[in-house]
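The structure appears right after this line, and notes come after that.
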Amino acid sequence: MPMTKSELRKIHGMFSKCGPAFIALGDEIRQKLIIDILEAGDGGINVMSLTAKFSLSRSAVSHHLKILKGAGFVKTVKRGTQVFYRISVSENFSEIGRLLSETLRIIEKVRQEKKS
């Protein structure tokens, strides 16, 4: 049985919803930032400490952090005059998981149809 229009609309909507997350995660610098923030633990890490790990300006690191924050992958915690970045277990991670599961389900469905 071919994919229904409902299935196509569903997966299209899921891809659209995950688009900003894929863009945020598609950059190597942002991937490294996520790893560095994870390594910092629950206390988080500030921009100056992150900048020291890169050959980028503070404003460039801040730009990448803004994209990650906008996509829901990091959150900020202010302590005194400093802002610390921590990983945010956001809906984005769950939504990407659902998209992958649905895509795999459809791929398997198509494979089964070709065998018939």
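Letters A, B, ... mark the chains of the structure tokens in the order given; residue numbers begin at 1 per chain; ligand numbers begin at 1, in order shown.
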
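Contact shell of stretch 43-57 of chain A at 9 Å (only C-alpha atoms; same-chain neighbours under 3 positions omitted): Ile29, Leu33, Asp36, Ile37, Leu38, Glu39, Ala40, Ala60, Val61, Ser62, Leu65, Thr76, Val77, Gln82, Val83, Phe84, Tyr85, Arg86 and Ile87 of chain A.
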
Give me the residues within 10 Å of stretch 26-28 of chain A as a VMD selection string, counting only C-alpha atoms and dropping any in the same chain fewer than 6 places off.
chain A and resid 20 34 64

Export C-alpha atoms of the chosen residues as a PDB file, in the first residue's frame?
```
ATOM      1  CA  PRO A  20      15.668  24.955  12.684  1.00  0.00           C
ATOM      2  CA  ILE A  34      27.329  21.560  22.520  1.00  0.00           C
ATOM      3  CA  HIS A  64      26.629  30.525  17.564  1.00  0.00           C
TER       4      HIS A  64
END
```

Item checked: DSSP-assigned strand (DSSP E or B) members of chain A, reported as a ChimeraX atom specification -> /A:45-46,74-79,82-87

Hey, what's within 10 Å of A:Glu95 if we count only C-alpha atoms and toss same-chain stuff fewer than 6 positions away? As a JSON list (two decimals) with all heavy atoms, in the first residue's frame, please?
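What landed in out_22.json:
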```json
[["chain", "number", "residue", "atom", "x", "y", "z"],
["A", 14, "MET", "N", 6.64, 17.25, 10.20],
["A", 14, "MET", "CA", 7.71, 16.91, 11.14],
["A", 14, "MET", "C", 9.05, 17.45, 10.66],
["A", 14, "MET", "O", 9.83, 17.99, 11.45],
["A", 14, "MET", "CB", 7.78, 15.40, 11.33],
["A", 14, "MET", "CG", 6.57, 14.82, 12.05],
["A", 14, "MET", "SD", 6.58, 13.02, 12.11],
["A", 14, "MET", "CE", 7.53, 12.78, 13.61],
["A", 15, "PHE", "N", 9.32, 17.33, 9.35],
["A", 15, "PHE", "CA", 10.56, 17.89, 8.81],
["A", 15, "PHE", "C", 10.58, 19.40, 8.99],
["A", 15, "PHE", "O", 11.60, 19.98, 9.38],
["A", 15, "PHE", "CB", 10.73, 17.54, 7.32],
["A", 15, "PHE", "CG", 11.46, 16.25, 7.09],
["A", 15, "PHE", "CD1", 10.80, 15.14, 6.59],
["A", 15, "PHE", "CD2", 12.81, 16.14, 7.37],
["A", 15, "PHE", "CE1", 11.48, 13.95, 6.36],
["A", 15, "PHE", "CE2", 13.50, 14.95, 7.15],
["A", 15, "PHE", "CZ", 12.83, 13.86, 6.64],
["A", 17, "LYS", "N", 9.06, 21.20, 11.24],
["A", 17, "LYS", "CA", 9.23, 21.52, 12.65],
["A", 17, "LYS", "C", 10.68, 21.32, 13.10],
["A", 17, "LYS", "O", 11.19, 22.07, 13.93],
["A", 17, "LYS", "CB", 8.30, 20.65, 13.50],
["A", 17, "LYS", "CG", 8.18, 21.10, 14.92],
["A", 17, "LYS", "CD", 7.08, 20.33, 15.64],
["A", 17, "LYS", "CE", 6.94, 20.81, 17.06],
["A", 17, "LYS", "NZ", 5.88, 20.09, 17.78],
["A", 18, "CYS", "N", 11.37, 20.34, 12.54],
["A", 18, "CYS", "CA", 12.75, 20.03, 12.92],
["A", 18, "CYS", "C", 13.78, 20.85, 12.14],
["A", 18, "CYS", "O", 14.97, 20.82, 12.49],
["A", 18, "CYS", "CB", 13.04, 18.54, 12.72],
["A", 18, "CYS", "SG", 12.16, 17.48, 13.87],
["A", 21, "ALA", "N", 16.23, 23.04, 14.07],
["A", 21, "ALA", "CA", 17.13, 22.21, 14.87],
["A", 21, "ALA", "C", 18.24, 21.63, 14.00],
["A", 21, "ALA", "O", 19.40, 21.61, 14.40],
["A", 21, "ALA", "CB", 16.35, 21.09, 15.56],
["A", 101, "SER", "N", 11.98, 8.04, 13.86],
["A", 101, "SER", "CA", 11.16, 6.83, 13.98],
["A", 101, "SER", "C", 10.13, 6.74, 12.86],
["A", 101, "SER", "O", 9.93, 5.68, 12.26],
["A", 101, "SER", "CB", 10.45, 6.80, 15.34],
["A", 101, "SER", "OG", 11.37, 6.67, 16.36]]
```

| message | Which of chain A end up as alpha helix (DSSP H) when DSSP is run on this backbone - answer as a ChimeraX atom specification? | response | /A:5-25,28-40,47-52,58-70,91-115

Exercise. Would you kindly return, as an NGL selection string, each protein, DNA or RNA residue with an atom no farther than 12 Å from any atom of A:Phe93, considering only C-alpha atoms and excluding same-chain residues fewer than 3 positions away?
Key: :A and (17-18 or 20-22 or 25 or 71-74 or 87-90 or 96-100)

Just to confirm, what's the straight-line distance from atom CA of A:Ile107 to atom CA of A:Glu7 in Å (one decimal)?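 Straight-line distance from atom CA of A:Ile107 to atom CA of A:Glu7 works out to 12.0 Å.
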
Min atom-atom distance to A:Arg30 from the set A:Leu68, A:Ser116, A:Ile106, A:Ser94, counting only C-alpha atoms, belongs to A:Leu68
